[in-house]
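Student: Dropping a structure here in structure tokens format, bear with me for questions.
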Amino acid sequence: LTNVNGTLYFTANDGVNGRKIWTTDGTSANTQIADMALFPTGLVSFLDKLFFQAASPDGLRAGLQFLDVQPLNTVKFGSTISDNITLEPSQKSQILFSGDGADTVESVTSDNLTTIITGTGDDVVIVGGNSSVLAGDGNDQVRIGATGPVGNTSVNAGNGNDTIVVVEASTNNNLFGAAGIDNLEVVEGANQFLFGGSGNDILRSSGSNNRLYGGSGNDQLTANINDLLYGGDGDDILFAGQGGGNRLTGGNDVDQFWIANASLPSSKNIVTDFVLGTDVIGIGGIGVTQLSQLTLMQDGNDTLVKLGNTELASLINIQASTLMANNFTFA
């Protein structure tokens, strides 16, 4: 028997087709002809391929041939009670149905695609890269990259008040809060995508160049450095980070844009859709208590908000002369 990516190959003569290459997983139901090459011999596994000698179609010449063998999926199951499941590294793609109950699932491998589907219950999932998590009903917790930087993982939290955290990222990951009051966070990483979905969600970036989408509901979004915030529908609160260079878009309804939060940004933030008489510019923790302490400077079609020599934010398509004290809030 020759093992290629966890699949066994051998040559045999079934009395009908002559000697052929067969494959098996050890069961009769999954033992079948893998290739119709003539008179195959010398099966060798190398670099995800099965090499062998076989005759040409006319049966006169022998030559080296190969099969490109892709790993097969391994399907595993939990139960209807609370399970503790660890998915070990595998050459094959893995699919896990953890079932109902408050399950704890740990899969830190990034070698092959791993799909984890949980059922009803408050589940905890720790996952690596190249993975997909579909959480069912319940208040679930999902951690991505807890043992080192990973990428190419997507999480759909499903119904419930869920928490999804990117602990450390190497490339992009996608976080979907879906329904419920969800908490989505990037601790360390860039180019991450966070989607709150419906509900009053909290989205936070402690990395850089991340994109945060609140979706519908009254959401709270916090940037760090060069992040993009999109509030969406609902009365949203958007906080610009200390690093600056963030781009804040509130979307529909009544939004708050906090452009300085207990520190001065190292570079100005951008507010793209401030609406006079509807939205509010917030400034807190830097000793500013009234509008007269700020400088509002016209910069082309935009208004530049400054404190001393520090540029706090640029308000796109806003005339400085139209801004009044009631357009600001101070804390």
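Ordering of the structure tokens sets the chain letters (A, B, ...), residue numbers begin anew at 1 in every chain, and ligands are numbered from 1 in the order given.
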Can you tell me, as an NGL selection string, what residues are no more than 9 Å from Asp111 in chain A when counting only C-alpha atoms, ignoring any on the same chain fewer than 2 positions away?
Tutor: :A and (89-93 or 109 or 113-114 or 129-130)
Student: Got time to write the residues from that selection, C-alpha atoms, as a tab-separated table (two decimals), in the first residue's frame?
Tutor:
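Listed below is the output, again-v1.tsv:
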```
chain	number	residue	atom	x	y	z
A	89	PRO	CA	-3.05	19.02	12.46
A	90	SER	CA	-3.91	16.97	9.40
A	91	GLN	CA	-2.87	16.64	5.77
A	92	LYS	CA	-6.55	16.59	4.89
A	93	SER	CA	-9.13	19.35	5.04
A	109	THR	CA	-3.51	24.36	12.55
A	113	LEU	CA	-8.80	24.29	5.23
A	114	THR	CA	-10.70	23.69	8.46
A	129	GLY	CA	-5.59	30.21	9.72
A	130	ASN	CA	-7.24	28.93	6.52
```
Student: Please compute the CA of Glu88 in chain A-CA of Ala178 in chain A distance, one decimal, in Å.
Tutor: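 We find that CA of Glu88 in chain A and CA of Ala178 in chain A lie 28.7 Å from each other.
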Student: Excluding same-chain residues fewer than 3 positions from Gln290 in chain A, what lies within 9 Å of it counting only C-alpha atoms, as number ranges by chain?
Tutor: A: 293-294, 325, 328-330
Student: Would you save the residues from that selection as a CSV table (one decimal), in the first residue's frame, using N, CA, C and O atoms?
Tutor:
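Saved result, again-v6.csv, follows:
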```csv
chain,number,residue,atom,x,y,z
A,293,GLN,N,-11.9,77.5,21.9
A,293,GLN,CA,-10.5,77.0,22.1
A,293,GLN,C,-10.0,76.4,20.8
A,293,GLN,O,-8.8,76.1,20.7
A,294,LEU,N,-10.9,76.1,19.9
A,294,LEU,CA,-10.5,75.5,18.6
A,294,LEU,C,-10.3,76.5,17.5
A,294,LEU,O,-10.9,77.6,17.6
A,325,ALA,N,-21.5,76.2,18.1
A,325,ALA,CA,-21.2,75.5,19.3
A,325,ALA,C,-22.1,74.2,19.4
A,325,ALA,O,-21.6,73.2,19.9
A,328,PHE,N,-20.9,70.7,18.3
A,328,PHE,CA,-19.8,70.1,19.0
A,328,PHE,C,-20.3,69.6,20.4
A,328,PHE,O,-21.2,70.2,21.0
A,329,THR,N,-19.6,68.6,20.9
A,329,THR,CA,-19.8,68.2,22.3
A,329,THR,C,-18.4,68.0,22.9
A,329,THR,O,-17.5,67.5,22.3
A,330,PHE,N,-18.3,68.4,24.2
A,330,PHE,CA,-17.0,68.3,24.9
A,330,PHE,C,-17.1,67.5,26.2
A,330,PHE,O,-18.1,67.6,26.9
```
Student: With only C-alpha atoms as the atoms that count, which of A:Asp140, A:Glu188, A:Asp103, A:Asp48 lies nearest to Ile225 in chain A?
Tutor: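 Of A:Asp140, A:Glu188, A:Asp103, A:Asp48, the one nearest Ile225 in chain A is A:Glu188, counting only C-alpha atoms.
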Student: Tell me, as a PDB file with N, CA, C and O atoms, in the first residue's frame, which residues lie within 12 Å of Gly232 in chain A, counting only C-alpha atoms; anything in the same chain fewer than 3 positions away does not count.
Tutor:
```pdb
ATOM      1  N   PHE A 195     -17.490  43.152  10.289  1.00  0.00           N
ATOM      2  CA  PHE A 195     -18.856  43.483   9.900  1.00  0.00           C
ATOM      3  C   PHE A 195     -19.777  43.201  11.099  1.00  0.00           C
ATOM      4  O   PHE A 195     -19.970  42.035  11.468  1.00  0.00           O
ATOM      5  N   GLY A 196     -20.361  44.238  11.666  1.00  0.00           N
ATOM      6  CA  GLY A 196     -21.193  44.042  12.845  1.00  0.00           C
ATOM      7  C   GLY A 196     -22.504  43.345  12.551  1.00  0.00           C
ATOM      8  O   GLY A 196     -22.969  42.533  13.338  1.00  0.00           O
ATOM      9  N   GLY A 197     -23.137  43.661  11.414  1.00  0.00           N
ATOM     10  CA  GLY A 197     -24.445  43.104  11.106  1.00  0.00           C
ATOM     11  C   GLY A 197     -25.539  43.838  11.864  1.00  0.00           C
ATOM     12  O   GLY A 197     -25.388  44.994  12.269  1.00  0.00           O
ATOM     13  N   SER A 198     -26.658  43.164  12.099  1.00  0.00           N
ATOM     14  CA  SER A 198     -27.762  43.799  12.821  1.00  0.00           C
ATOM     15  C   SER A 198     -27.490  43.758  14.319  1.00  0.00           C
ATOM     16  O   SER A 198     -26.753  42.914  14.812  1.00  0.00           O
ATOM     17  N   GLY A 199     -28.104  44.696  15.045  1.00  0.00           N
ATOM     18  CA  GLY A 199     -27.883  44.783  16.480  1.00  0.00           C
ATOM     19  C   GLY A 199     -26.958  45.933  16.826  1.00  0.00           C
ATOM     20  O   GLY A 199     -26.302  46.526  15.960  1.00  0.00           O
ATOM     21  N   ASN A 200     -26.901  46.267  18.119  1.00  0.00           N
ATOM     22  CA  ASN A 200     -26.060  47.356  18.596  1.00  0.00           C
ATOM     23  C   ASN A 200     -24.676  46.794  18.922  1.00  0.00           C
ATOM     24  O   ASN A 200     -24.437  46.284  20.024  1.00  0.00           O
ATOM     25  N   ASP A 201     -23.772  46.896  17.976  1.00  0.00           N
ATOM     26  CA  ASP A 201     -22.489  46.199  18.054  1.00  0.00           C
ATOM     27  C   ASP A 201     -21.353  47.128  18.463  1.00  0.00           C
ATOM     28  O   ASP A 201     -21.429  48.346  18.303  1.00  0.00           O
ATOM     29  N   LEU A 212     -13.879  48.636   9.448  1.00  0.00           N
ATOM     30  CA  LEU A 212     -14.913  48.294  10.407  1.00  0.00           C
ATOM     31  C   LEU A 212     -16.254  48.792   9.879  1.00  0.00           C
ATOM     32  O   LEU A 212     -16.411  50.000   9.604  1.00  0.00           O
ATOM     33  N   TYR A 213     -17.216  47.886   9.750  1.00  0.00           N
ATOM     34  CA  TYR A 213     -18.547  48.202   9.243  1.00  0.00           C
ATOM     35  C   TYR A 213     -19.572  47.871  10.330  1.00  0.00           C
ATOM     36  O   TYR A 213     -19.764  46.705  10.681  1.00  0.00           O
ATOM     37  N   GLY A 214     -20.256  48.885  10.830  1.00  0.00           N
ATOM     38  CA  GLY A 214     -21.213  48.634  11.901  1.00  0.00           C
ATOM     39  C   GLY A 214     -22.463  47.916  11.460  1.00  0.00           C
ATOM     40  O   GLY A 214     -23.005  47.103  12.191  1.00  0.00           O
ATOM     41  N   GLY A 215     -22.947  48.205  10.251  1.00  0.00           N
ATOM     42  CA  GLY A 215     -24.207  47.627   9.796  1.00  0.00           C
ATOM     43  C   GLY A 215     -25.389  48.357  10.410  1.00  0.00           C
ATOM     44  O   GLY A 215     -25.304  49.522  10.815  1.00  0.00           O
ATOM     45  N   SER A 216     -26.518  47.682  10.532  1.00  0.00           N
ATOM     46  CA  SER A 216     -27.698  48.312  11.126  1.00  0.00           C
ATOM     47  C   SER A 216     -27.624  48.236  12.643  1.00  0.00           C
ATOM     48  O   SER A 216     -26.990  47.355  13.211  1.00  0.00           O
ATOM     49  N   GLY A 217     -28.277  49.206  13.308  1.00  0.00           N
ATOM     50  CA  GLY A 217     -28.231  49.268  14.764  1.00  0.00           C
ATOM     51  C   GLY A 217     -27.392  50.443  15.225  1.00  0.00           C
ATOM     52  O   GLY A 217     -26.703  51.108  14.438  1.00  0.00           O
ATOM     53  N   ASN A 218     -27.456  50.716  16.520  1.00  0.00           N
ATOM     54  CA  ASN A 218     -26.693  51.812  17.118  1.00  0.00           C
ATOM     55  C   ASN A 218     -25.335  51.274  17.548  1.00  0.00           C
ATOM     56  O   ASN A 218     -25.187  50.700  18.641  1.00  0.00           O
ATOM     57  N   ASP A 219     -24.351  51.456  16.713  1.00  0.00           N
ATOM     58  CA  ASP A 219     -23.058  50.803  16.891  1.00  0.00           C
ATOM     59  C   ASP A 219     -22.003  51.756  17.425  1.00  0.00           C
ATOM     60  O   ASP A 219     -22.095  52.976  17.277  1.00  0.00           O
ATOM     61  N   GLN A 220     -20.975  51.154  18.041  1.00  0.00           N
ATOM     62  CA  GLN A 220     -19.819  51.911  18.517  1.00  0.00           C
ATOM     63  C   GLN A 220     -18.574  51.371  17.844  1.00  0.00           C
ATOM     64  O   GLN A 220     -18.260  50.192  17.970  1.00  0.00           O
ATOM     65  N   LEU A 221     -17.865  52.235  17.105  1.00  0.00           N
ATOM     66  CA  LEU A 221     -16.690  51.828  16.351  1.00  0.00           C
ATOM     67  C   LEU A 221     -15.485  52.636  16.812  1.00  0.00           C
ATOM     68  O   LEU A 221     -15.573  53.863  16.940  1.00  0.00           O
ATOM     69  N   LEU A 229     -13.725  53.513   9.194  1.00  0.00           N
ATOM     70  CA  LEU A 229     -14.919  53.211   9.962  1.00  0.00           C
ATOM     71  C   LEU A 229     -16.162  53.590   9.164  1.00  0.00           C
ATOM     72  O   LEU A 229     -16.238  54.693   8.625  1.00  0.00           O
ATOM     73  N   ASP A 235     -27.955  55.168  14.979  1.00  0.00           N
ATOM     74  CA  ASP A 235     -27.262  56.267  15.648  1.00  0.00           C
ATOM     75  C   ASP A 235     -25.924  55.745  16.157  1.00  0.00           C
ATOM     76  O   ASP A 235     -25.832  55.139  17.236  1.00  0.00           O
ATOM     77  N   ASP A 236     -24.887  55.977  15.405  1.00  0.00           N
ATOM     78  CA  ASP A 236     -23.579  55.371  15.682  1.00  0.00           C
ATOM     79  C   ASP A 236     -22.627  56.360  16.337  1.00  0.00           C
ATOM     80  O   ASP A 236     -22.739  57.580  16.167  1.00  0.00           O
ATOM     81  N   ILE A 237     -21.664  55.807  17.091  1.00  0.00           N
ATOM     82  CA  ILE A 237     -20.602  56.592  17.711  1.00  0.00           C
ATOM     83  C   ILE A 237     -19.271  56.100  17.158  1.00  0.00           C
ATOM     84  O   ILE A 237     -18.947  54.910  17.278  1.00  0.00           O
ATOM     85  N   LEU A 238     -18.519  57.007  16.539  1.00  0.00           N
ATOM     86  CA  LEU A 238     -17.252  56.658  15.918  1.00  0.00           C
ATOM     87  C   LEU A 238     -16.121  57.385  16.631  1.00  0.00           C
ATOM     88  O   LEU A 238     -16.139  58.623  16.744  1.00  0.00           O
ATOM     89  N   LEU A 248     -13.581  58.364   8.867  1.00  0.00           N
ATOM     90  CA  LEU A 248     -14.819  58.069   9.570  1.00  0.00           C
ATOM     91  C   LEU A 248     -16.018  58.439   8.706  1.00  0.00           C
ATOM     92  O   LEU A 248     -16.148  59.601   8.270  1.00  0.00           O
ATOM     93  N   THR A 249     -16.890  57.454   8.470  1.00  0.00           N
ATOM     94  CA  THR A 249     -18.132  57.673   7.725  1.00  0.00           C
ATOM     95  C   THR A 249     -19.289  57.175   8.586  1.00  0.00           C
ATOM     96  O   THR A 249     -19.356  55.989   8.916  1.00  0.00           O
ATOM     97  N   GLY A 250     -20.177  58.078   8.956  1.00  0.00           N
ATOM     98  CA  GLY A 250     -21.253  57.705   9.872  1.00  0.00           C
ATOM     99  C   GLY A 250     -22.382  56.941   9.238  1.00  0.00           C
ATOM    100  O   GLY A 250     -22.953  56.044   9.844  1.00  0.00           O
ATOM    101  N   GLY A 251     -22.737  57.284   7.997  1.00  0.00           N
ATOM    102  CA  GLY A 251     -23.897  56.663   7.372  1.00  0.00           C
ATOM    103  C   GLY A 251     -25.172  57.386   7.748  1.00  0.00           C
ATOM    104  O   GLY A 251     -25.166  58.579   8.090  1.00  0.00           O
ATOM    105  N   ASN A 252     -26.286  56.668   7.727  1.00  0.00           N
ATOM    106  CA  ASN A 252     -27.586  57.280   7.991  1.00  0.00           C
ATOM    107  C   ASN A 252     -27.811  57.536   9.485  1.00  0.00           C
ATOM    108  O   ASN A 252     -27.125  56.976  10.337  1.00  0.00           O
ATOM    109  N   ASP A 253     -28.814  58.395   9.770  1.00  0.00           N
ATOM    110  CA  ASP A 253     -29.283  58.702  11.118  1.00  0.00           C
ATOM    111  C   ASP A 253     -28.327  59.631  11.862  1.00  0.00           C
ATOM    112  O   ASP A 253     -27.485  60.285  11.250  1.00  0.00           O
ATOM    113  N   VAL A 254     -28.419  59.678  13.192  1.00  0.00           N
ATOM    114  CA  VAL A 254     -27.706  60.656  14.009  1.00  0.00           C
ATOM    115  C   VAL A 254     -26.407  60.036  14.514  1.00  0.00           C
ATOM    116  O   VAL A 254     -26.418  59.082  15.305  1.00  0.00           O
ATOM    117  N   ASP A 255     -25.280  60.587  14.097  1.00  0.00           N
ATOM    118  CA  ASP A 255     -23.984  59.999  14.431  1.00  0.00           C
ATOM    119  C   ASP A 255     -23.113  60.971  15.210  1.00  0.00           C
ATOM    120  O   ASP A 255     -23.245  62.189  15.090  1.00  0.00           O
ATOM    121  N   ASP A 273     -18.829  62.481   6.116  1.00  0.00           N
ATOM    122  CA  ASP A 273     -20.253  62.762   5.857  1.00  0.00           C
ATOM    123  C   ASP A 273     -20.932  63.444   7.044  1.00  0.00           C
ATOM    124  O   ASP A 273     -22.073  63.108   7.381  1.00  0.00           O
TER     125      ASP A 273
END
```
Student: Show me, as a list in words, the residues that have an atom within 7 Å of Asn183 in chain A when counting only C-alpha atoms, minus same-chain residues fewer than 5 positions from it.
Tutor: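 Listing them by chain and then by number gives Asp162, Thr163, Ile164, Asp201, Ile202 and Leu203 of chain A.
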Student: List as a ChimeraX atom specification the protein and nucleic acid residues near range 133-139 of chain A, meaning an atom at most 9 Å away when only C-alpha atoms are counted, but skip any in the same chain fewer than 2 places from it.
Tutor: /A:100,102,114-123,125,127,131,141-142,153-163,180,182
Student: Among range 26-147 of chain A, which ones does DSSP assign to strand (DSSP E) (computed from the backbone)? Answer as an NGL selection string.
Tutor: :A and (32-35 or 38-46 or 49-55 or 62-68 or 74-77 or 84-86 or 94-99 or 104-107 or 114-118 or 124-127 or 131-134 or 141-144)
